[in-house]
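This report concerns only the one structure given below.
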Amino acid sequence: MEAALDGKVALVAGATRGAGRGIAVELGAAGATVYVTGRSTRAQRSEYDRPETIEDTADLVTAAGGHGIAVPTDHLVPSQVRALVDRVAAEQGRLDVLVNDIWGGEHLFAWDTPVWEHDLDKGLRLLRLAVETHAITSHHALPLLLRGRGGLVVEMTDGTAEYNRDTYRNSFFYDLAKTAVLRMGFSLGHELGPRGATAVALTPGWMRSEMMLDHFEVTEETWRDALDRVPHFCISETPSYTGRAVVALAADPGVSRWNGQSLSSGGLAREYGFTDLDGSRPDAWRYLTEVQGPGRPADAAGYR
């Protein structure tokens with residue numbers, strides 16, 4: 001995929017860490033100019049209070065071979081998003097790829113807590129961060145994307161439509177947020193398809209994000225040390241894997257065949273032939289359905 005996206009312009013909304021950072025860096029490795037946004041900067045951290053910043057992400061994009069541009073943006077503030085898109089339009093005159101990866105809800109939901117017991121303010125905040133931000137960003141960015149033909153919108157979520165249809169996802173608020181984003185991919189596909197663009201919903205598998213590695217007290221180099229405590233972590237994948245999925249879609253002249261669909265990193269790896277950084281092809285959602293869900297012993301053989 002090297003140089004597959006030379007001359008293309010991407011906006012990764014929510015690129016401070018995790019999937020957003022992985023996607024931005026892989027788009028850069030494919031030659032794209034990538035605008036990366038978020039609330040954590042070198043001057044000020046968000047309420048996450050973590051060390052990753054959008055400037056760091058932009059530097060990684062450039063180091064990978066693209067051109068990374070960091071723009072501090074709170075995607076709940078329409079005026080900031082409008083200014084962001086105006087800047088992209090002024091500097092580039094085009095937008096080829098929009099990735100809506102704004103989230104910020106890890107500290108806002110309580111596992112297996114019914115809606116009447118869940119903190120209401122946190123639940124509503126989660127919905128605003130996970131759903132309203134995506135709507136605001138699409139509202140302002142899509143007219144620029146539609147100036148040309150062949151644009152791609154990727155709505156990042158957790159879980160495929162099939163898996164989430166039959167599975168309760170952690171809590172009322174989390175479940176609702178991730179299902180809403182899946183539906184965004186479908187709805188945007190309906191609106192963009194006739195206008196020459198494509199929209200999809202995309203989920204990573206069990207991702208080895210910075211926060212997940214810290215939670216298990218491991219690094220990317222030592223992540224297998226966590227298997228003694230969490231055996232099913234054997235199916236995990238890096239953020240770069242999802243990034244390569246986005247690059248494969250963005251570089252595919254026939255990407256419109258996916259319009260409105262729910263996709264996964266593992267499923268797209270089978271279709272396009274890309275691998276994770278270690279050369280494997282984790283298929284987390286098939287593993288969750290066939291191994292972890294039924295309570296079988298952890299074994300990733302045949303799933304990566």
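Identifiers in the structure tokens: chain A, B, ... in order shown; residue index from 1 per chain; ligand index from 1 in order shown.
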
Which residues, written as a PyMOL selection string, have at least one atom at most 6 Å from segment 98-113 of chain A, with only C-alpha atoms counted and residues fewer than 2 positions away on the same chain left out? chain A and resi 10-14+20+118+122+126+129-130+134+153-156+170-171

Please, could you write that set of residues out with N, CA, C and O atoms as a CSV table (one decimal), in the first residue's frame?
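Output saved as selection_4.csv:
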```csv
chain,number,residue,atom,x,y,z
A,10,ALA,N,-6.9,13.4,4.0
A,10,ALA,CA,-7.7,12.7,5.0
A,10,ALA,C,-7.8,13.5,6.3
A,10,ALA,O,-6.9,14.3,6.6
A,11,LEU,N,-9.0,13.4,6.9
A,11,LEU,CA,-9.2,14.0,8.2
A,11,LEU,C,-9.6,12.8,9.1
A,11,LEU,O,-10.6,12.1,8.9
A,12,VAL,N,-8.8,12.6,10.2
A,12,VAL,CA,-9.1,11.6,11.2
A,12,VAL,C,-9.5,12.4,12.4
A,12,VAL,O,-8.6,13.0,13.2
A,13,ALA,N,-10.8,12.4,12.7
A,13,ALA,CA,-11.3,13.1,13.8
A,13,ALA,C,-11.3,12.2,15.0
A,13,ALA,O,-11.9,11.1,15.1
A,14,GLY,N,-10.5,12.6,16.0
A,14,GLY,CA,-10.2,11.7,17.2
A,14,GLY,C,-9.0,10.8,17.0
A,14,GLY,O,-9.1,9.6,17.0
A,20,GLY,N,-7.7,5.7,16.2
A,20,GLY,CA,-7.5,7.0,15.5
A,20,GLY,C,-6.0,7.2,15.1
A,20,GLY,O,-5.7,7.6,14.0
A,118,HIS,N,-27.3,3.6,36.6
A,118,HIS,CA,-26.2,4.2,36.0
A,118,HIS,C,-26.2,5.7,36.2
A,118,HIS,O,-27.2,6.3,36.3
A,122,LYS,N,-23.1,11.0,33.4
A,122,LYS,CA,-22.0,10.3,32.7
A,122,LYS,C,-22.6,9.6,31.4
A,122,LYS,O,-22.0,9.7,30.4
A,126,LEU,N,-21.5,10.5,27.6
A,126,LEU,CA,-21.0,9.5,26.7
A,126,LEU,C,-21.8,9.5,25.4
A,126,LEU,O,-21.1,9.5,24.3
A,129,LEU,N,-20.5,12.5,23.4
A,129,LEU,CA,-19.2,12.3,22.8
A,129,LEU,C,-19.2,11.3,21.7
A,129,LEU,O,-18.4,11.5,20.7
A,130,ALA,N,-20.0,10.3,21.8
A,130,ALA,CA,-19.9,9.2,20.9
A,130,ALA,C,-20.8,9.4,19.6
A,130,ALA,O,-20.5,8.8,18.6
A,134,HIS,N,-19.9,12.9,16.0
A,134,HIS,CA,-19.9,12.4,14.7
A,134,HIS,C,-20.9,13.1,13.8
A,134,HIS,O,-20.5,13.4,12.6
A,153,VAL,N,-16.1,7.8,3.8
A,153,VAL,CA,-16.4,8.1,5.2
A,153,VAL,C,-16.3,6.8,6.0
A,153,VAL,O,-17.0,5.9,5.6
A,154,VAL,N,-15.6,6.8,7.1
A,154,VAL,CA,-15.5,5.7,7.9
A,154,VAL,C,-16.0,6.0,9.3
A,154,VAL,O,-15.4,6.9,10.0
A,155,GLU,N,-17.1,5.4,9.7
A,155,GLU,CA,-17.6,5.6,11.1
A,155,GLU,C,-17.0,4.5,12.0
A,155,GLU,O,-17.4,3.3,11.8
A,156,MET,N,-16.2,4.9,12.9
A,156,MET,CA,-15.6,3.9,13.8
A,156,MET,C,-16.5,3.6,15.0
A,156,MET,O,-17.0,4.4,15.7
A,170,ASN,N,-22.2,-4.2,27.4
A,170,ASN,CA,-21.7,-3.6,28.6
A,170,ASN,C,-22.7,-2.8,29.4
A,170,ASN,O,-22.7,-2.9,30.6
A,171,SER,N,-23.4,-1.9,28.8
A,171,SER,CA,-24.4,-1.1,29.5
A,171,SER,C,-25.4,-0.4,28.5
A,171,SER,O,-25.1,-0.4,27.3
```

Output as a ChimeraX atom specification all residues of segment 50-282 of chain A that backbone DSSP marks as strand (DSSP E or B). /A:67-72,97-100,113,152-156,171,198-203,207,237,262-264

Within 12 Å of Ala226 of chain A using only C-alpha atoms, minus same-chain residues under 3 positions, as an MDAnalysis selection string: chainID A and resid 208 212:223 229:236

Neighbour list for segment 41-45 of chain A as number ranges by chain, cut-off 10 Å, only C-alpha atoms, skip fewer than 4 positions in-chain: A: 16, 37, 49-56, 70-73

Counting only C-alpha atoms, which residue out of A:Val291, A:Val25, A:Ala177, A:Ala4 sits closest to Glu132 of chain A?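 Once distances to Glu132 of chain A are computed over only C-alpha atoms, the minimum belongs to A:Ala177.
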
Which residues are near Thr289 of chain A? Cut-off 12 Å, only C-alpha atoms, ignore same chain within fewer than 4 positions. Put them as a PyMOL selection string. chain A and resi 159-160+162-164+166-167+283-285+293-296+303

Selection near segment 263-273 of chain A, 12 Å with only C-alpha atoms, sequence-local residues under 5 positions removed, as a PyMOL selection string: chain A and resi 1+19+23+154-163+182+185-186+199-207+235-252+254-255+257-258+279-287+303-304

Name the residues of segment 19-140 of chain A that fall into alpha helix (DSSP H) according to DSSP on the backbone, using the chain letters and numbers of this document, as JSON, numbers by chain. {"A": [19, 20, 21, 22, 23, 24, 25, 26, 27, 28, 29, 54, 55, 56, 57, 58, 59, 60, 61, 62, 63, 64, 78, 79, 80, 81, 82, 83, 84, 85, 86, 87, 88, 89, 90, 91, 92, 120, 121, 122, 123, 124, 125, 126, 127, 133, 134, 135, 136, 137, 138, 139, 140]}

Å distance separating atom CA of Ala90 of chain A from atom CA of Glu2 of chain A, one decimal place: 27.0 Å

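Shortest atom-to-atom contact with His67 of chain A among A:Glu117, A:Asp6, A:Glu290, A:Asp96: A:Asp6, counting only C-alpha atoms.
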
Spatial neighbours of Ala83 of chain A, max dist 12 Å, only C-alpha atoms, sep filter under 3 positions, as a list in words: Val71, Pro72, Thr73, Asp74, His75, Val77, Pro78, Ser79, Gln80, Asp86, Arg87, Val88, Ala89, Ala90, Thr137, His140 and Ala141 of chain A

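With distances restricted to only C-alpha atoms, A:Gly38 is the closest residue to Leu76 of chain A from A:Gly302, A:Pro114, A:Gly150, A:Gly38.
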
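Coordinates place atom CA of Glu191 of chain A at a distance of 26.5 Å from atom CA of Phe173 of chain A.
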